[in-house]
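To start, the structure under review is shown below, and the notes come after it.
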Amino acid sequence: MTAPKFVKHKVAIVGTRYSEFSIEEEILRPLGVEIVFSTGKDSETIIAEAGDAEIILAGAPPKFNSETLARIGCRGIIRYGVGTESVDLIAAKELGIWVSRVADYGTEAVATHSVALALTAMRQIRESDAIVRNGGWGFNDLRPLHLPSSLTVGVVGAGRIGSHAAKQFLGLGFNVKMYDIVTPSHPVVGVQFIDSFMDLLRTSDIISLHVPGSASGEPLISHAEFEVFKAGSILVNTSRGTLIDREALIQALLGNKLRIAALDVFDKEPISISDYDAIKDRLLFTPHMAWYTEESESDLRFKAAKEAFRLLSGERPLEVVVEPAIEKARKL
C-alpha cells in the first residue's frame with residue numbers, strides 16, 4: 001500500500017529584520033510547512049517572491065495595497081506587530097483574505113524605552129556627554145534641571161503599554177496624568193485620569209504617546225495642539241510616527257514650545273536626516289527599536305507563527321482584524 005502523500009504548505013516571511021526563522025520553523029514543522037523569505041521592498045517583489053504562499057507573515061515595511069492583494073494567492077496575512085496600516089483591509093475582506101496581528105507583545109520593552117527617552121531628555125544626558133567630550137566641565141549650560149517629583153508626565157493612551165509606562169513613571173517619583181478616549185476599566189493606582197486631551201497637554205512637562213494611529217493618517221498632534229504645550233516641555237513618541245505632524249513639530253521646536261522631542265517612530269522610515277536639519281540638535285532619535293529585546297522578539301515571532309498554524313489548521317486566529325465572509329474566504 002502506497003503511503004499517503006504529505007502535502008507541504010508554503011508560508012512567506014516578508015520584510016522582517018530576522019536573520020533566521022528557527023522559531024517559525026519549529027512551530028510550523030508539524031504541518032510540513034515550507035518557509036520562504038521575501039524582502040517585500042515593493043509590490044512586484046512581494047508578488048514574485050511570496051505570491052504563491054498560502055500564508056504571509058509580514059513585518060512593518062511591506063505595503064499590501066489592493067492591486068498587490070489581488071495578485072497574490074494567500075489565504076491570510078499575519079502582521080508581526082499591532083499596526084495593520086500597511087494592509088488595505090477593505091480590499092482584503094473583499095478578496096477573502098484573513099488579516100490578523102500580534103497585539104500583546106513588547107509591552108515592557110516599549111514602556112521602558114519610552115521612560116528611558118524621557119529621562120535622557122529630562123536629564124540632558126546627550127548634552128552632558130557632549131560637554132565632557134568637547135573638553136568642557138560643569139553644568140551651567142544645562143540649567144535648569146528638575147526632580148521627577150516636581151514634574152508631571154502626561155501619558156496619552158491607557159492600554160497595556162501606556163499603563164505600564166505610567167507605573168514606571170510613578171515608580172520614579174513623577175506626577176502622572178493619563179488621557180484616553182475611553183476611560184480605563186482598570187485604572188493605574190496613583191495616576192490622575194484627565195478627560196480633556198488639551199488639558200493634559202497644557203499641564204504636562206513630559207508627554208508620552210501610546211495610542212494607535214488613525215486609519216486616515218490624520219495626526220493627533222499638529223499646530224493647534226502644540227500651541228497649548230508648556231514652554232520647554234518634552235515630547236516622547238514610541239507609538240506611531242503619523243501621530244505627529246512633522247512640520248508642526250519643527251515649528252514648535254523652533255518657537256521653543258518644545259525643548260526636545262524624543263522619537264523612535266516617524267511618518268517615513270527610514271528617515272532622511274536632512275528633513276530635520278533646522279532642529280536636529282533638539283531631537284533625540286532611535287531607529288524604531290522601542291519594541292526590541294531578545295525576549296519580546298521571540299514572543300512576537302512565536303505568537304505570529306501560532307496564528308499561521310491556526311489558519312493552516314482551519315482554525316480562527318486569535319487576533320482577527322479582517323474575517324472574510326465564508327463564501328469569499330480563500331481555500332487552502
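By convention here, the chains of the C-alpha cells are called A, B, ... in the order presented, each chain's residues are numbered starting at 1, and ligands are numbered starting at 1 in the order presented.
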Margin query: Would you pick out the contacts of Glu108 of chain A at 10 Å or less, using only C-alpha atoms, so that residues sharing its chain but fewer than 2 positions from it are not included, and give the list as a ChimeraX atom specification?
Written below: /A:105-106,110-114,160-161,164-165,168,290-293,296
Requested write-out: C-alpha atoms of the selected residues, as a PDB file, in the first residue's frame:
```pdb
ATOM      1  CA  TYR A 105       3.949  41.692  22.898  1.00  0.00           C
ATOM      2  CA  GLY A 106       6.772  44.041  23.825  1.00  0.00           C
ATOM      3  CA  VAL A 110       8.262  49.771  24.736  1.00  0.00           C
ATOM      4  CA  ALA A 111       7.300  51.236  28.100  1.00  0.00           C
ATOM      5  CA  THR A 112      10.892  51.030  29.323  1.00  0.00           C
ATOM      6  CA  HIS A 113      12.219  52.639  26.142  1.00  0.00           C
ATOM      7  CA  SER A 114       9.709  55.478  26.496  1.00  0.00           C
ATOM      8  CA  ARG A 160      -1.198  47.882  28.054  1.00  0.00           C
ATOM      9  CA  ILE A 161       1.874  49.908  27.118  1.00  0.00           C
ATOM     10  CA  HIS A 164       2.920  50.041  32.068  1.00  0.00           C
ATOM     11  CA  ALA A 165       4.789  53.254  31.269  1.00  0.00           C
ATOM     12  CA  GLN A 168       7.256  53.122  35.690  1.00  0.00           C
ATOM     13  CA  ALA A 290      11.494  50.505  21.323  1.00  0.00           C
ATOM     14  CA  TRP A 291       9.773  47.127  20.999  1.00  0.00           C
ATOM     15  CA  TYR A 292      13.020  45.175  20.686  1.00  0.00           C
ATOM     16  CA  THR A 293      14.545  42.915  23.289  1.00  0.00           C
ATOM     17  CA  SER A 296       9.992  40.451  23.098  1.00  0.00           C
TER      18      SER A 296
END
```
Checklist line | Non-local contacts of segment 190-193 of chain A (7 Å; only C-alpha atoms; under 4 positions in same chain excluded) as JSON, numbers by chain | finding: {"A": [176, 177, 178, 179]}
Note to self: Counting only C-alpha atoms, which residue out of A:Val14, A:Ala231, A:Leu142, A:Ala329 sits closest to Asn256 of chain A?
What the structure shows: A:Ala231
Quick one: residues within 7 Å of Leu235 of chain A, only C-alpha atoms counted, chain neighbours fewer than 6 positions away excluded, as an mmCIF file with C-alpha atoms, in the first residue's frame?
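Okay, this is what ended up in selection_2.cif:
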```
data_model
loop_
_atom_site.group_PDB
_atom_site.id
_atom_site.type_symbol
_atom_site.label_atom_id
_atom_site.label_comp_id
_atom_site.auth_asym_id
_atom_site.auth_seq_id
_atom_site.Cartn_x
_atom_site.Cartn_y
_atom_site.Cartn_z
ATOM 1 C CA ILE A 206 6.578 65.488 29.521
ATOM 2 C CA ILE A 207 4.114 63.973 27.033
ATOM 3 C CA SER A 208 4.460 60.260 26.197
ATOM 4 C CA ILE A 260 13.164 68.463 22.858
ATOM 5 C CA ALA A 261 11.309 65.673 21.074
ATOM 6 C CA ALA A 262 12.479 62.095 21.638
#
```
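Look at segment 195-201 of chain A: the protein and nucleic acid residues within 7 Å of it, using only C-alpha atoms and passing over chain neighbours fewer than 3 places away, are Gly154, Tyr179, Ser204, Glu225, Val228 and Phe229 of chain A.
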Please write the residues from the selection above to a file, keeping N, CA and C atoms, as a PDB file, in the first residue's frame.
```pdb
ATOM      1  N   GLY A 154       2.419  63.423  31.197  1.00  0.00           N
ATOM      2  CA  GLY A 154       1.112  63.150  30.614  1.00  0.00           C
ATOM      3  C   GLY A 154       1.205  61.953  29.696  1.00  0.00           C
ATOM      4  N   TYR A 179      -4.584  60.319  29.641  1.00  0.00           N
ATOM      5  CA  TYR A 179      -5.767  60.612  28.822  1.00  0.00           C
ATOM      6  C   TYR A 179      -5.981  59.484  27.833  1.00  0.00           C
ATOM      7  N   SER A 204       1.230  69.298  31.326  1.00  0.00           N
ATOM      8  CA  SER A 204       2.282  68.282  31.454  1.00  0.00           C
ATOM      9  C   SER A 204       3.641  68.836  31.026  1.00  0.00           C
ATOM     10  N   GLU A 225      -2.477  71.793  18.675  1.00  0.00           N
ATOM     11  CA  GLU A 225      -2.090  71.099  19.906  1.00  0.00           C
ATOM     12  C   GLU A 225      -0.767  71.638  20.448  1.00  0.00           C
ATOM     13  N   VAL A 228      -0.729  74.738  22.827  1.00  0.00           N
ATOM     14  CA  VAL A 228      -1.061  74.690  24.260  1.00  0.00           C
ATOM     15  C   VAL A 228       0.012  73.986  25.090  1.00  0.00           C
ATOM     16  N   PHE A 229       1.044  73.439  24.453  1.00  0.00           N
ATOM     17  CA  PHE A 229       2.123  72.801  25.212  1.00  0.00           C
ATOM     18  C   PHE A 229       2.781  73.811  26.154  1.00  0.00           C
TER      19      PHE A 229
END
```
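The protein and nucleic acid residues lying at most 8 Å from Ile250 of chain A are Tyr276, Ala278 and Ile279 of chain A, with only C-alpha atoms considered and sequence neighbours fewer than 6 positions away removed.
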Among segment 122-288 of chain A, which ones does DSSP place in strand (DSSP E or B), written as a CSV table (one decimal) with C-alpha atoms, in the first residue's frame?
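Result went into result-v3.csv, see below:
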```csv
chain,number,residue,atom,x,y,z
A,152,THR,CA,4.2,66.0,35.5
A,153,VAL,CA,4.1,63.3,32.9
A,154,GLY,CA,1.1,63.1,30.6
A,155,VAL,CA,0.6,59.6,29.3
A,156,VAL,CA,-1.6,59.5,26.2
A,175,ASN,CA,3.4,63.0,39.0
A,176,VAL,CA,1.4,61.2,36.3
A,177,LYS,CA,-1.7,62.1,34.4
A,178,MET,CA,-3.4,60.0,31.7
A,179,TYR,CA,-5.8,60.6,28.8
A,192,GLN,CA,-4.9,61.0,37.6
A,193,PHE,CA,-7.2,60.4,34.6
A,206,ILE,CA,6.6,65.5,29.5
A,207,ILE,CA,4.1,64.0,27.0
A,208,SER,CA,4.5,60.3,26.2
A,209,LEU,CA,2.4,58.9,23.3
A,221,ILE,CA,-0.7,66.5,17.4
A,233,SER,CA,8.3,70.6,27.5
A,234,ILE,CA,9.4,67.2,26.2
A,235,LEU,CA,7.5,65.0,23.7
A,236,VAL,CA,8.2,61.3,23.6
A,237,ASN,CA,6.8,59.1,20.8
A,244,ILE,CA,2.8,63.9,15.0
A,258,LEU,CA,9.1,72.2,23.0
A,259,ARG,CA,12.6,71.9,24.4
A,260,ILE,CA,13.2,68.5,22.9
A,261,ALA,CA,11.3,65.7,21.1
A,262,ALA,CA,12.5,62.1,21.6
A,263,LEU,CA,11.3,59.9,18.7
A,283,LEU,CA,15.7,65.9,18.7
A,284,LEU,CA,16.7,62.6,20.2
A,285,PHE,CA,16.4,59.7,17.7
```
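In this model, the gap between atom CA of Met122 of chain A and atom CA of Leu253 of chain A comes to 15.5 Å.
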Next item on the list: Write out as an MDAnalysis selection string each polymer residue whose atoms come within 10 Å of segment 59-67 of chain A, counting only C-alpha atoms; drop sequence neighbours fewer than 2 positions from it.
Entry: chainID A and resid 13:18 38:43 45:46 56:57 69:72 77:92 94:95 269:270
Output N, CA and C atoms for every residue in the selection just made, as a short mmCIF file (atom, residue, chain, number, x, y, z; two decimals), in the first residue's frame.
```
data_model
loop_
_atom_site.label_atom_id
_atom_site.label_comp_id
_atom_site.auth_asym_id
_atom_site.auth_seq_id
_atom_site.Cartn_x
_atom_site.Cartn_y
_atom_site.Cartn_z
N ILE A 13 7.69 34.72 4.79
CA ILE A 13 8.03 35.73 5.80
C ILE A 13 8.56 36.93 5.02
N VAL A 14 7.86 38.06 5.15
CA VAL A 14 8.09 39.20 4.26
C VAL A 14 8.47 40.45 5.05
N GLY A 15 9.63 41.02 4.69
CA GLY A 15 10.01 42.33 5.22
C GLY A 15 10.32 42.37 6.69
N THR A 16 11.08 41.39 7.20
CA THR A 16 11.47 41.40 8.61
C THR A 16 12.98 41.59 8.72
N ARG A 17 13.43 41.83 9.95
CA ARG A 17 14.86 42.00 10.21
C ARG A 17 15.46 40.79 10.89
N TYR A 18 14.77 39.65 10.84
CA TYR A 18 15.29 38.44 11.48
C TYR A 18 16.29 37.76 10.54
N SER A 38 10.98 36.92 1.73
CA SER A 38 10.97 38.00 0.74
C SER A 38 11.30 39.31 1.43
N THR A 39 12.07 40.14 0.76
CA THR A 39 12.35 41.47 1.33
C THR A 39 11.09 42.32 1.36
N GLY A 40 10.18 42.06 0.41
CA GLY A 40 8.94 42.84 0.37
C GLY A 40 9.16 44.30 0.08
N LYS A 41 10.25 44.63 -0.62
CA LYS A 41 10.61 46.04 -0.80
C LYS A 41 9.63 46.81 -1.67
N ASP A 42 8.90 46.09 -2.53
CA ASP A 42 7.87 46.73 -3.34
C ASP A 42 6.87 45.67 -3.77
N SER A 43 5.81 46.12 -4.46
CA SER A 43 4.73 45.22 -4.83
C SER A 43 5.21 44.07 -5.72
N THR A 45 8.12 42.73 -5.97
CA THR A 45 8.94 41.78 -5.21
C THR A 45 8.05 40.86 -4.38
N ILE A 46 7.05 41.41 -3.74
CA ILE A 46 6.12 40.59 -2.96
C ILE A 46 5.45 39.55 -3.85
N ILE A 56 1.12 34.68 4.66
CA ILE A 56 2.22 35.64 4.70
C ILE A 56 2.35 36.19 6.11
N LEU A 57 3.55 36.07 6.66
CA LEU A 57 3.90 36.71 7.92
C LEU A 57 4.65 37.98 7.56
N LEU A 69 -2.74 42.75 -3.32
CA LEU A 69 -3.57 41.70 -2.74
C LEU A 69 -4.28 40.89 -3.82
N ALA A 70 -4.71 41.55 -4.87
CA ALA A 70 -5.42 40.87 -5.96
C ALA A 70 -4.51 39.93 -6.74
N ARG A 71 -3.20 40.19 -6.68
CA ARG A 71 -2.26 39.41 -7.50
C ARG A 71 -1.51 38.34 -6.71
N ILE A 72 -1.77 38.23 -5.42
CA ILE A 72 -1.17 37.16 -4.63
C ILE A 72 -2.24 36.15 -4.25
N ILE A 77 -2.91 37.11 5.88
CA ILE A 77 -1.73 37.92 6.19
C ILE A 77 -1.70 38.13 7.68
N ILE A 78 -0.59 37.83 8.29
CA ILE A 78 -0.42 37.98 9.73
C ILE A 78 0.69 39.00 9.97
N ARG A 79 0.34 40.07 10.67
CA ARG A 79 1.31 41.12 10.95
C ARG A 79 2.14 40.78 12.17
N TYR A 80 3.45 40.85 12.00
CA TYR A 80 4.36 40.80 13.14
C TYR A 80 4.21 42.14 13.86
N GLY A 81 3.24 42.30 14.73
CA GLY A 81 3.04 43.54 15.44
C GLY A 81 1.58 43.93 15.51
N VAL A 82 1.35 45.16 15.98
CA VAL A 82 -0.01 45.63 16.25
C VAL A 82 -0.63 46.30 15.03
N GLY A 83 0.12 47.18 14.39
CA GLY A 83 -0.44 48.02 13.33
C GLY A 83 -0.73 47.26 12.05
N THR A 84 -1.86 47.58 11.43
CA THR A 84 -2.22 46.96 10.15
C THR A 84 -2.44 48.03 9.07
N GLU A 85 -1.84 49.21 9.28
CA GLU A 85 -1.98 50.30 8.31
C GLU A 85 -1.37 49.94 6.96
N SER A 86 -0.45 48.98 6.94
CA SER A 86 0.23 48.60 5.70
C SER A 86 -0.61 47.68 4.82
N VAL A 87 -1.78 47.29 5.30
CA VAL A 87 -2.65 46.39 4.54
C VAL A 87 -3.96 47.11 4.22
N ASP A 88 -4.39 47.04 2.96
CA ASP A 88 -5.70 47.58 2.58
C ASP A 88 -6.75 46.61 3.11
N LEU A 89 -7.31 46.92 4.26
CA LEU A 89 -8.21 45.99 4.94
C LEU A 89 -9.52 45.80 4.20
N ILE A 90 -10.00 46.84 3.56
CA ILE A 90 -11.25 46.73 2.79
C ILE A 90 -11.06 45.77 1.62
N ALA A 91 -9.94 45.94 0.91
CA ALA A 91 -9.65 45.06 -0.22
C ALA A 91 -9.44 43.62 0.25
N ALA A 92 -8.75 43.45 1.38
CA ALA A 92 -8.52 42.10 1.92
C ALA A 92 -9.84 41.38 2.19
N GLU A 94 -12.78 42.01 0.84
CA GLU A 94 -13.47 41.78 -0.43
C GLU A 94 -12.86 40.59 -1.18
N LEU A 95 -11.54 40.42 -1.05
CA LEU A 95 -10.84 39.35 -1.76
C LEU A 95 -10.82 38.04 -0.99
N GLU A 269 9.91 56.00 7.17
CA GLU A 269 11.06 55.26 7.70
C GLU A 269 11.72 54.46 6.59
N PRO A 270 13.07 54.40 6.56
CA PRO A 270 13.99 55.16 7.42
C PRO A 270 13.91 56.65 7.10
#
```
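Going from atom CA of Asp281 of chain A over to atom CA of Leu151 of chain A, you cover 23.0 Å.
For the pair atom CA of Gly213 of chain A and atom CA of Leu243 of chain A, the separation is 5.8 Å.
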Next item on the list: Within 10 Å of segment 73-76 of chain A, counting only C-alpha atoms, which residues show up once you throw out same-chain ones fewer than 5 positions away? Write them as a PyMOL selection string, please.
Entry: chain A and resi 10-12+47+50-57+68+92+95-100+307-308+311-312+317+322-324+329-332
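Comparing A:Val36, A:Thr286, A:Arg310, A:Leu119 by their smallest distance to Glu20 of chain A, the closest is A:Val36 (using only C-alpha atoms).
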Margin query: Residues of segment 42-175 of chain A classed as alpha helix (DSSP H) by DSSP on the backbone are to be reported as number ranges by chain.
Written below: A: 43-50, 66-71, 89-95, 107-122, 125-133, 160-171
